[in-house]
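To be precise, the following lines are data-v3.pdb, and they hold PDB, C-alpha atoms and all ligand atoms.
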ATOM      1  CA  MET A  16    -133.621 -88.519 -77.002  1.00  0.00           C
ATOM      2  CA  ARG A  17    -134.247 -85.099 -78.469  1.00  0.00           C
ATOM      3  CA  GLY A  18    -132.630 -82.124 -76.785  1.00  0.00           C
ATOM      4  CA  VAL A  19    -134.575 -79.255 -75.265  1.00  0.00           C
ATOM      5  CA  ARG A  20    -134.330 -76.199 -77.502  1.00  0.00           C
ATOM      6  CA  LYS A  21    -132.603 -73.385 -75.666  1.00  0.00           C
ATOM      7  CA  VAL A  22    -134.768 -70.316 -75.266  1.00  0.00           C
ATOM      8  CA  SER A  23    -132.783 -67.129 -75.503  1.00  0.00           C
ATOM      9  CA  PRO A  24    -132.964 -65.076 -72.300  1.00  0.00           C
ATOM     10  CA  THR A  25    -131.922 -61.916 -74.114  1.00  0.00           C
ATOM     11  CA  PRO A  26    -134.655 -59.728 -75.592  1.00  0.00           C
ATOM     12  CA  ASP A  27    -133.927 -57.798 -78.745  1.00  0.00           C
ATOM     13  CA  ALA A  28    -133.307 -54.253 -77.540  1.00  0.00           C
ATOM     14  CA  GLN A  29    -134.591 -52.941 -80.885  1.00  0.00           C
ATOM     15  CA  SER A  30    -137.997 -54.572 -80.431  1.00  0.00           C
ATOM     16  CA  PRO A  31    -140.467 -52.089 -78.931  1.00  0.00           C
ATOM     17  CA  ALA A  32    -142.825 -54.646 -77.397  1.00  0.00           C
ATOM     18  CA  PRO A  33    -143.070 -58.405 -77.278  1.00  0.00           C
ATOM     19  CA  ALA A  34    -145.290 -60.033 -79.863  1.00  0.00           C
ATOM     20  CA  VAL A  35    -147.694 -62.593 -78.420  1.00  0.00           C
ATOM     21  CA  ARG A  36    -149.080 -65.505 -80.415  1.00  0.00           C
ATOM     22  CA  VAL A  37    -150.789 -68.836 -79.842  1.00  0.00           C
ATOM     23  CA  ALA A  38    -148.363 -71.758 -79.616  1.00  0.00           C
ATOM     24  CA  THR A  39    -148.884 -74.786 -81.856  1.00  0.00           C
ATOM     25  CA  LEU A  40    -147.476 -78.302 -81.848  1.00  0.00           C
ATOM     26  CA  ALA A  41    -144.583 -76.925 -83.921  1.00  0.00           C
ATOM     27  CA  ASP A  42    -143.538 -74.956 -80.801  1.00  0.00           C
ATOM     28  CA  LEU A  43    -143.364 -78.049 -78.586  1.00  0.00           C
ATOM     29  CA  GLU A  44    -139.604 -77.849 -77.894  1.00  0.00           C
ATOM     30  CA  THR A  45    -139.846 -74.155 -77.009  1.00  0.00           C
ATOM     31  CA  VAL A  46    -142.815 -74.825 -74.720  1.00  0.00           C
ATOM     32  CA  VAL A  47    -140.915 -77.659 -73.002  1.00  0.00           C
ATOM     33  CA  ALA A  48    -137.835 -75.439 -72.531  1.00  0.00           C
ATOM     34  CA  LEU A  49    -139.795 -72.548 -70.994  1.00  0.00           C
ATOM     35  CA  ARG A  50    -141.938 -74.725 -68.728  1.00  0.00           C
ATOM     36  CA  ILE A  51    -138.950 -76.756 -67.496  1.00  0.00           C
ATOM     37  CA  ALA A  52    -137.103 -73.464 -66.836  1.00  0.00           C
ATOM     38  CA  LEU A  53    -140.096 -72.402 -64.720  1.00  0.00           C
ATOM     39  CA  LEU A  54    -139.846 -75.590 -62.660  1.00  0.00           C
ATOM     40  CA  ARG A  55    -136.057 -75.254 -62.289  1.00  0.00           C
ATOM     41  CA  GLU A  56    -136.549 -71.736 -60.946  1.00  0.00           C
ATOM     42  CA  HIS A  57    -138.592 -73.303 -58.119  1.00  0.00           C
ATOM     43  CA  ALA A  58    -135.879 -75.825 -57.157  1.00  0.00           C
ATOM     44  CA  GLY A  59    -136.233 -74.940 -53.470  1.00  0.00           C
ATOM     45  CA  ASN A  60    -140.006 -75.413 -53.392  1.00  0.00           C
ATOM     46  CA  ARG A  61    -141.413 -78.337 -51.395  1.00  0.00           C
ATOM     47  CA  VAL A  62    -143.597 -79.497 -54.313  1.00  0.00           C
ATOM     48  CA  TYR A  63    -142.057 -78.143 -57.513  1.00  0.00           C
ATOM     49  CA  GLY A  64    -138.450 -78.815 -56.412  1.00  0.00           C
ATOM     50  CA  ARG A  65    -138.932 -82.580 -56.832  1.00  0.00           C
ATOM     51  CA  LEU A  66    -138.302 -82.514 -60.572  1.00  0.00           C
ATOM     52  CA  ARG A  67    -137.812 -85.932 -62.149  1.00  0.00           C
ATOM     53  CA  PRO A  68    -134.543 -86.364 -64.120  1.00  0.00           C
ATOM     54  CA  ASP A  69    -136.553 -87.367 -67.186  1.00  0.00           C
ATOM     55  CA  ALA A  70    -139.034 -84.499 -66.828  1.00  0.00           C
ATOM     56  CA  PRO A  71    -138.312 -83.041 -70.317  1.00  0.00           C
ATOM     57  CA  GLN A  72    -139.119 -86.389 -71.985  1.00  0.00           C
ATOM     58  CA  ARG A  73    -142.282 -86.815 -69.910  1.00  0.00           C
ATOM     59  CA  ALA A  74    -143.203 -83.215 -70.654  1.00  0.00           C
ATOM     60  CA  ARG A  75    -143.209 -83.706 -74.434  1.00  0.00           C
ATOM     61  CA  LYS A  76    -146.134 -86.133 -74.401  1.00  0.00           C
ATOM     62  CA  LEU A  77    -148.126 -84.171 -71.825  1.00  0.00           C
ATOM     63  CA  PHE A  78    -147.499 -80.743 -73.346  1.00  0.00           C
ATOM     64  CA  ALA A  79    -148.239 -82.003 -76.877  1.00  0.00           C
ATOM     65  CA  GLU A  80    -151.663 -83.140 -75.648  1.00  0.00           C
ATOM     66  CA  GLN A  81    -152.212 -79.787 -73.976  1.00  0.00           C
ATOM     67  CA  LEU A  82    -151.224 -77.854 -77.114  1.00  0.00           C
ATOM     68  CA  GLU A  83    -153.912 -79.736 -79.033  1.00  0.00           C
ATOM     69  CA  ALA A  84    -156.610 -79.693 -76.355  1.00  0.00           C
ATOM     70  CA  PRO A  85    -159.721 -77.724 -77.397  1.00  0.00           C
ATOM     71  CA  ASN A  86    -160.340 -76.205 -73.948  1.00  0.00           C
ATOM     72  CA  GLU A  87    -156.990 -74.493 -73.478  1.00  0.00           C
ATOM     73  CA  VAL A  88    -154.457 -72.240 -75.141  1.00  0.00           C
ATOM     74  CA  THR A  89    -150.747 -71.579 -74.702  1.00  0.00           C
ATOM     75  CA  PHE A  90    -149.462 -68.109 -75.534  1.00  0.00           C
ATOM     76  CA  LEU A  91    -145.826 -67.366 -76.392  1.00  0.00           C
ATOM     77  CA  ALA A  92    -144.278 -63.900 -76.129  1.00  0.00           C
ATOM     78  CA  GLU A  93    -141.467 -63.271 -78.603  1.00  0.00           C
ATOM     79  CA  HIS A  94    -138.801 -60.634 -78.996  1.00  0.00           C
ATOM     80  CA  GLY A  95    -137.225 -60.627 -82.440  1.00  0.00           C
ATOM     81  CA  GLY A  96    -138.640 -64.080 -83.100  1.00  0.00           C
ATOM     82  CA  ARG A  97    -137.184 -65.538 -79.898  1.00  0.00           C
ATOM     83  CA  ALA A  98    -139.504 -66.892 -77.230  1.00  0.00           C
ATOM     84  CA  VAL A  99    -139.124 -64.975 -73.951  1.00  0.00           C
ATOM     85  CA  GLY A 100    -142.379 -65.765 -72.171  1.00  0.00           C
ATOM     86  CA  ILE A 101    -145.190 -68.279 -71.854  1.00  0.00           C
ATOM     87  CA  LEU A 102    -148.658 -68.456 -70.308  1.00  0.00           C
ATOM     88  CA  ARG A 103    -151.257 -71.184 -70.487  1.00  0.00           C
ATOM     89  CA  CYS A 104    -154.986 -70.524 -70.045  1.00  0.00           C
ATOM     90  CA  ILE A 105    -157.541 -73.270 -69.486  1.00  0.00           C
ATOM     91  CA  ASP A 106    -161.336 -73.156 -69.738  1.00  0.00           C
ATOM     92  CA  ALA A 107    -161.916 -74.998 -66.458  1.00  0.00           C
ATOM     93  CA  GLY A 108    -165.045 -76.384 -64.855  1.00  0.00           C
ATOM     94  CA  GLY A 109    -165.976 -75.122 -61.390  1.00  0.00           C
ATOM     95  CA  SER A 110    -167.749 -76.986 -58.609  1.00  0.00           C
ATOM     96  CA  PRO A 111    -171.329 -77.867 -59.629  1.00  0.00           C
ATOM     97  CA  LEU A 112    -172.381 -76.441 -56.259  1.00  0.00           C
ATOM     98  CA  LEU A 113    -170.910 -73.017 -56.864  1.00  0.00           C
ATOM     99  CA  HIS A 114    -170.974 -70.137 -59.297  1.00  0.00           C
ATOM    100  CA  PRO A 115    -169.460 -69.741 -61.825  1.00  0.00           C
ATOM    101  CA  ALA A 116    -169.777 -73.034 -63.686  1.00  0.00           C
ATOM    102  CA  ARG A 117    -166.563 -72.308 -65.608  1.00  0.00           C
ATOM    103  CA  TYR A 118    -163.576 -70.041 -65.112  1.00  0.00           C
ATOM    104  CA  ALA A 119    -160.248 -69.295 -66.792  1.00  0.00           C
ATOM    105  CA  TYR A 120    -157.361 -71.044 -65.054  1.00  0.00           C
ATOM    106  CA  VAL A 121    -153.977 -69.440 -65.695  1.00  0.00           C
ATOM    107  CA  ALA A 122    -150.910 -71.696 -65.442  1.00  0.00           C
ATOM    108  CA  SER A 123    -147.309 -72.217 -66.582  1.00  0.00           C
ATOM    109  CA  VAL A 124    -146.418 -68.532 -66.445  1.00  0.00           C
ATOM    110  CA  TYR A 125    -142.759 -67.797 -67.098  1.00  0.00           C
ATOM    111  CA  VAL A 126    -140.756 -64.877 -68.462  1.00  0.00           C
ATOM    112  CA  ALA A 127    -137.034 -65.369 -69.186  1.00  0.00           C
ATOM    113  CA  PRO A 128    -134.950 -63.462 -66.601  1.00  0.00           C
ATOM    114  CA  ALA A 129    -133.425 -60.918 -69.005  1.00  0.00           C
ATOM    115  CA  ALA A 130    -136.869 -60.074 -70.420  1.00  0.00           C
ATOM    116  CA  ARG A 131    -138.518 -59.304 -67.075  1.00  0.00           C
ATOM    117  CA  ARG A 132    -139.950 -55.970 -65.914  1.00  0.00           C
ATOM    118  CA  ALA A 133    -140.705 -54.985 -69.502  1.00  0.00           C
ATOM    119  CA  GLY A 134    -144.408 -55.772 -69.532  1.00  0.00           C
ATOM    120  CA  VAL A 135    -144.204 -59.287 -70.999  1.00  0.00           C
ATOM    121  CA  LEU A 136    -146.493 -60.758 -68.345  1.00  0.00           C
ATOM    122  CA  ARG A 137    -148.958 -57.898 -68.839  1.00  0.00           C
ATOM    123  CA  ARG A 138    -149.008 -58.600 -72.612  1.00  0.00           C
ATOM    124  CA  LEU A 139    -149.523 -62.335 -72.063  1.00  0.00           C
ATOM    125  CA  MET A 140    -152.335 -61.667 -69.593  1.00  0.00           C
ATOM    126  CA  HIS A 141    -153.991 -59.243 -72.000  1.00  0.00           C
ATOM    127  CA  GLU A 142    -154.215 -62.025 -74.602  1.00  0.00           C
ATOM    128  CA  ALA A 143    -155.400 -64.549 -72.019  1.00  0.00           C
ATOM    129  CA  GLU A 144    -158.139 -62.167 -70.903  1.00  0.00           C
ATOM    130  CA  GLY A 145    -159.289 -61.691 -74.479  1.00  0.00           C
ATOM    131  CA  TRP A 146    -159.356 -65.445 -75.101  1.00  0.00           C
ATOM    132  CA  SER A 147    -161.308 -65.970 -71.861  1.00  0.00           C
ATOM    133  CA  ARG A 148    -163.872 -63.260 -72.593  1.00  0.00           C
ATOM    134  CA  GLU A 149    -164.465 -64.657 -76.088  1.00  0.00           C
ATOM    135  CA  ARG A 150    -165.371 -67.985 -74.476  1.00  0.00           C
ATOM    136  CA  GLY A 151    -167.815 -66.290 -72.137  1.00  0.00           C
ATOM    137  CA  LEU A 152    -165.637 -66.670 -69.050  1.00  0.00           C
ATOM    138  CA  ARG A 153    -165.880 -63.937 -66.447  1.00  0.00           C
ATOM    139  CA  GLU A 154    -163.335 -64.971 -63.820  1.00  0.00           C
ATOM    140  CA  MET A 155    -159.652 -65.923 -63.782  1.00  0.00           C
ATOM    141  CA  ARG A 156    -157.895 -68.033 -61.150  1.00  0.00           C
ATOM    142  CA  LEU A 157    -154.341 -69.245 -60.639  1.00  0.00           C
ATOM    143  CA  HIS A 158    -151.992 -70.777 -58.109  1.00  0.00           C
ATOM    144  CA  ASN A 159    -148.592 -69.373 -57.272  1.00  0.00           C
ATOM    145  CA  ALA A 160    -145.778 -70.765 -55.131  1.00  0.00           C
ATOM    146  CA  ALA A 161    -145.848 -69.330 -51.609  1.00  0.00           C
ATOM    147  CA  ASP A 162    -142.031 -69.066 -51.543  1.00  0.00           C
ATOM    148  CA  ASN A 163    -141.914 -66.874 -54.653  1.00  0.00           C
ATOM    149  CA  PRO A 164    -142.475 -63.283 -53.461  1.00  0.00           C
ATOM    150  CA  LEU A 165    -141.864 -61.946 -56.972  1.00  0.00           C
ATOM    151  CA  ALA A 166    -144.840 -63.872 -58.330  1.00  0.00           C
ATOM    152  CA  GLY A 167    -146.957 -62.697 -55.409  1.00  0.00           C
ATOM    153  CA  THR A 168    -146.049 -59.096 -56.166  1.00  0.00           C
ATOM    154  CA  ALA A 169    -146.843 -59.488 -59.866  1.00  0.00           C
ATOM    155  CA  TRP A 170    -150.225 -61.149 -59.253  1.00  0.00           C
ATOM    156  CA  ASP A 171    -151.146 -58.533 -56.647  1.00  0.00           C
ATOM    157  CA  ALA A 172    -150.294 -55.860 -59.216  1.00  0.00           C
ATOM    158  CA  LEU A 173    -152.489 -57.596 -61.787  1.00  0.00           C
ATOM    159  CA  GLY A 174    -155.466 -57.653 -59.428  1.00  0.00           C
ATOM    160  CA  PHE A 175    -155.503 -61.274 -58.183  1.00  0.00           C
ATOM    161  CA  GLU A 176    -156.636 -61.754 -54.554  1.00  0.00           C
ATOM    162  CA  VAL A 177    -155.391 -64.653 -52.402  1.00  0.00           C
ATOM    163  CA  VAL A 178    -158.395 -66.860 -51.523  1.00  0.00           C
ATOM    164  CA  GLU A 179    -156.852 -70.269 -50.754  1.00  0.00           C
ATOM    165  CA  VAL A 180    -153.540 -71.674 -49.408  1.00  0.00           C
ATOM    166  CA  LEU A 181    -152.057 -75.104 -50.264  1.00  0.00           C
ATOM    167  CA  ARG A 182    -150.559 -76.930 -47.249  1.00  0.00           C
ATOM    168  CA  VAL A 183    -148.307 -80.021 -47.417  1.00  0.00           C
ATOM    169  CA  ARG A 184    -147.310 -82.558 -44.745  1.00  0.00           C
ATOM    170  CA  ALA A 185    -145.271 -85.719 -45.308  1.00  0.00           C
ATOM    171  CA  LEU A 186    -146.607 -89.028 -43.938  1.00  0.00           C
ATOM    172  CA  ASP A 187    -143.777 -90.676 -41.973  1.00  0.00           C
TER     173      ASP A 187
HETATM  174  C1  LIG B   1    -143.481 -63.160 -62.300  1.00  0.00           C
HETATM  175  C2  LIG B   1    -143.077 -62.914 -63.763  1.00  0.00           C
HETATM  176  C3  LIG B   1    -143.938 -63.807 -64.645  1.00  0.00           C
HETATM  177  C4  LIG B   1    -143.336 -61.437 -64.118  1.00  0.00           C
HETATM  178  O1  LIG B   1    -143.112 -61.248 -65.501  1.00  0.00           O
HETATM  179  P1  LIG B   1    -142.716 -59.806 -66.102  1.00  0.00           P
HETATM  180  O2  LIG B   1    -142.819 -59.864 -67.574  1.00  0.00           O
HETATM  181  O3  LIG B   1    -141.434 -59.369 -65.519  1.00  0.00           O
HETATM  182  O4  LIG B   1    -143.886 -58.904 -65.514  1.00  0.00           O
HETATM  183  P2  LIG B   1    -144.325 -57.461 -66.049  1.00  0.00           P
HETATM  184  O5  LIG B   1    -143.124 -56.698 -66.503  1.00  0.00           O
HETATM  185  O6  LIG B   1    -145.432 -57.609 -67.015  1.00  0.00           O
HETATM  186  O7  LIG B   1    -144.823 -56.792 -64.697  1.00  0.00           O
HETATM  187  C5  LIG B   1    -146.193 -56.801 -64.304  1.00  0.00           C
HETATM  188  C6  LIG B   1    -146.294 -56.148 -62.944  1.00  0.00           C
HETATM  189  O8  LIG B   1    -145.815 -57.071 -61.937  1.00  0.00           O
HETATM  190  C7  LIG B   1    -145.071 -56.348 -60.949  1.00  0.00           C
HETATM  191  N1  LIG B   1    -143.678 -56.831 -60.970  1.00  0.00           N
HETATM  192  C8  LIG B   1    -143.145 -57.696 -61.844  1.00  0.00           C
HETATM  193  N2  LIG B   1    -141.867 -57.943 -61.532  1.00  0.00           N
HETATM  194  C9  LIG B   1    -141.592 -57.218 -60.434  1.00  0.00           C
HETATM  195  C10 LIG B   1    -140.429 -57.035 -59.627  1.00  0.00           C
HETATM  196  N3  LIG B   1    -139.273 -57.676 -59.902  1.00  0.00           N
HETATM  197  N4  LIG B   1    -140.498 -56.206 -58.569  1.00  0.00           N
HETATM  198  C11 LIG B   1    -141.641 -55.545 -58.270  1.00  0.00           C
HETATM  199  N5  LIG B   1    -142.784 -55.664 -59.011  1.00  0.00           N
HETATM  200  C12 LIG B   1    -142.751 -56.496 -60.068  1.00  0.00           C
HETATM  201  C13 LIG B   1    -145.144 -54.870 -61.316  1.00  0.00           C
HETATM  202  O9  LIG B   1    -146.244 -54.287 -60.644  1.00  0.00           O
HETATM  203  C14 LIG B   1    -145.387 -54.941 -62.796  1.00  0.00           C
HETATM  204  O10 LIG B   1    -146.076 -53.823 -63.301  1.00  0.00           O
HETATM  205  P3  LIG B   1    -145.263 -52.443 -63.606  1.00  0.00           P
HETATM  206  O11 LIG B   1    -144.017 -52.839 -64.348  1.00  0.00           O
HETATM  207  O12 LIG B   1    -146.226 -51.666 -64.432  1.00  0.00           O
HETATM  208  O13 LIG B   1    -144.941 -51.852 -62.291  1.00  0.00           O
HETATM  209  C15 LIG B   1    -141.571 -63.204 -63.988  1.00  0.00           C
HETATM  210  O14 LIG B   1    -140.818 -62.497 -63.029  1.00  0.00           O
HETATM  211  C16 LIG B   1    -141.221 -64.676 -63.877  1.00  0.00           C
HETATM  212  O15 LIG B   1    -141.319 -65.414 -64.853  1.00  0.00           O
HETATM  213  N6  LIG B   1    -140.805 -65.102 -62.686  1.00  0.00           N
HETATM  214  C17 LIG B   1    -140.375 -66.509 -62.473  1.00  0.00           C
HETATM  215  C18 LIG B   1    -141.488 -67.487 -62.699  1.00  0.00           C
HETATM  216  C19 LIG B   1    -142.726 -67.143 -61.918  1.00  0.00           C
HETATM  217  O16 LIG B   1    -142.678 -66.650 -60.805  1.00  0.00           O
HETATM  218  N7  LIG B   1    -143.861 -67.424 -62.542  1.00  0.00           N
HETATM  219  C20 LIG B   1    -145.147 -67.189 -61.954  1.00  0.00           C
HETATM  220  C21 LIG B   1    -145.555 -68.427 -61.288  1.00  0.00           C
HETATM  221  S1  LIG B   1    -147.241 -68.324 -60.743  1.00  0.00           S
END

Let me see whether you can do it: turn the structure in this file into structure tokens.
Amino acid sequence: MRGVRKVSPTPDAQSPAPAVRVATLADLETVVALRIALLREHAGNRVYGRLRPDAPQRARKLFAEQLEAPNEVTFLAEHGGRAVGILRCIDAGGSPLLHPARYAYVASVYVAPAARRAGVLRRLMHEAEGWSRERGLREMRLHNAADNPLAGTAWDALGFEVVEVLRVRALD
């Protein structure tokens, strides 16, 4: 079993702004580390808290496919060459009954704790918007956990309205 590469939570104080680039298959271990960290941060969530013990191994196959998929992109934000943030953007199909036919779906958004409040999410979103516009997409959507007020605040600040709520009930 390969280990998950540790992603440094400490940004380089000398770096003025995070650099953002498109992740490739060569970044798989970094992508796994950041996306598993995102799930671990939601340990108390009814859905995302049920992390499988072998999630990192399962993630490698799934995330490798996603990194190579033609209809999506994963962006990495780096400080001094160290990954501090991630955002995935998917060219997704809408309902055939509704406009628009396609939209940009934003997922897997995570910024390492020590790198937060420094504009990393804004930089990642700027790149995602550019990628989406180049593909002719004119709308972005995303889901965020209802028990994560920080995410709600950030998405409000970035102009995302709440239009749907996911409800869960166990079947006894
Ligand atoms: C939510 C998260 C991605 C924000 O990343 P970030 O790089 O700190 O965000 P930014 O610095 O770009 O901030 C963007 C805006 O969000 C708001 N914001 C972000 N963090 C905030 C905080 N702690 N308190 C209040 N507002 C906040 C601000 O309006 C901010 O703009 P401003 O700095 O110009 O005021 C990051 O906190 C994170 O990874 N959290 C854990 C995982 C998570 O919640 N992911 C999202 C799941 S949908």

Could you pull the residues within 12 Å of Glu176 (chain A), counting all atoms listed in the file, minus those fewer than 5 positions along the same chain, as a ChimeraX atom specification? /A:154-159,167-171

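With all atoms listed in the file as the basis for measurement, A:Val37 is the residue among A:Ala172, A:Leu113, A:Ala127, A:Val37 that approaches Thr89 (chain A) most closely.
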
For the structure provided, state which residues fall under the PyMOL selection byres (((chain A and resi 53-59) around 9) and not hetatm), and present them as a PyMOL selection string. chain A and resi 48-52+60-66+123-127+160+162-163

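Note that the spacing between CA of Phe175 (chain A) and CA of Arg153 (chain A) amounts to 13.5 Å.
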
Grab the CA of Val180 (chain A) to atom P2 of ligand LIG 1 (chain B) distance for me, in Å with one decimal place. 23.7 Å

Atomic separation - CA of Glu149 (chain A) relative to atom P3 of ligand LIG 1 (chain B), Å: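 Interatomic distance, atom P3 of ligand LIG 1 (chain B) to CA of Glu149 (chain A): 26.0 Å.
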
First collect every listed atom of region 84-94 of chain A; then fit an axis-aligned box around them, widen it by 5 Å on each side, and give centre and edge lengths in Å to one decimal, as JSON.
{"center_x": -149.6, "center_y": -70.2, "center_z": -76.2, "size_x": 31.5, "size_y": 29.1, "size_z": 15.5}

Tell me which protein, DNA and RNA residues are within 10 Å of Leu40 (chain A), counting all atoms listed in the file, leaving out same-chain ones fewer than 3 positions away, and put them as a PDB file with C-alpha atoms, keeping the file's coordinate frame.
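As written to disk, selection11.pdb reads:
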ATOM      1  CA  LEU A  43    -143.364 -78.049 -78.586  1.00  0.00           C
ATOM      2  CA  GLU A  44    -139.604 -77.849 -77.894  1.00  0.00           C
ATOM      3  CA  THR A  45    -139.846 -74.155 -77.009  1.00  0.00           C
ATOM      4  CA  VAL A  46    -142.815 -74.825 -74.720  1.00  0.00           C
ATOM      5  CA  PHE A  78    -147.499 -80.743 -73.346  1.00  0.00           C
ATOM      6  CA  ALA A  79    -148.239 -82.003 -76.877  1.00  0.00           C
ATOM      7  CA  GLU A  80    -151.663 -83.140 -75.648  1.00  0.00           C
ATOM      8  CA  GLN A  81    -152.212 -79.787 -73.976  1.00  0.00           C
ATOM      9  CA  LEU A  82    -151.224 -77.854 -77.114  1.00  0.00           C
ATOM     10  CA  GLU A  83    -153.912 -79.736 -79.033  1.00  0.00           C
TER      11      GLU A  83
END

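Every protein, DNA or RNA residue with an atom at most 7 Å from Leu152 (chain A), where only C-alpha atoms count and chain neighbours fewer than 2 positions away do not, is listed here: A:Arg117, A:Tyr118, A:Ala119, A:Ser147, A:Arg148, A:Arg150, A:Glu154.
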
When distances are computed from all atoms listed in the file, which of A:His94, A:Arg131, A:Arg184, A:His141 shows the smallest separation from ligand LIG 1 (chain B)? A:Arg131

Tell me which residues the PyMOL selection byres (((chain A and resi 130) around 9) and not hetatm) grabs here, as a ChimeraX atom specification. /A:24-26,94,99-100,126-129,131-135

Please produce a file of the residues just selected, as a JSON list (two decimals), keeping the file's coordinate frame, where the atoms kept are C-alpha atoms.
[["chain", "number", "residue", "atom", "x", "y", "z"],
["A", 24, "PRO", "CA", -132.96, -65.08, -72.30],
["A", 25, "THR", "CA", -131.92, -61.92, -74.11],
["A", 26, "PRO", "CA", -134.66, -59.73, -75.59],
["A", 94, "HIS", "CA", -138.80, -60.63, -79.00],
["A", 99, "VAL", "CA", -139.12, -64.97, -73.95],
["A", 100, "GLY", "CA", -142.38, -65.76, -72.17],
["A", 126, "VAL", "CA", -140.76, -64.88, -68.46],
["A", 127, "ALA", "CA", -137.03, -65.37, -69.19],
["A", 128, "PRO", "CA", -134.95, -63.46, -66.60],
["A", 129, "ALA", "CA", -133.43, -60.92, -69.00],
["A", 131, "ARG", "CA", -138.52, -59.30, -67.08],
["A", 132, "ARG", "CA", -139.95, -55.97, -65.91],
["A", 133, "ALA", "CA", -140.71, -54.98, -69.50],
["A", 134, "GLY", "CA", -144.41, -55.77, -69.53],
["A", 135, "VAL", "CA", -144.20, -59.29, -71.00]]

For ligand LIG 1 (chain B), which of A:Ala166, A:Val35, A:Leu181, A:Ala41 is the closest residue, counting only C-alpha atoms and all ligand atoms? A:Ala166

Of the candidates A:Pro85, A:Gly96, A:Pro68, A:Gly151, which one gets nearest to Ala116 (chain A) if we count only C-alpha atoms? A:Gly151

Out of A:Cys104, A:Ala74, A:Val121, A:Leu139, which residue has the shortest atom-to-atom distance to Pro33 (chain A) when counting only C-alpha atoms?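 Looking at the shortest contact to Pro33 (chain A), the residue is A:Leu139.
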
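Using all atoms listed in the file, the nearest neighbour of ligand LIG 1 (chain B) within the list A:Ala122, A:Ala107, A:Leu77, A:Val88 is A:Ala122.
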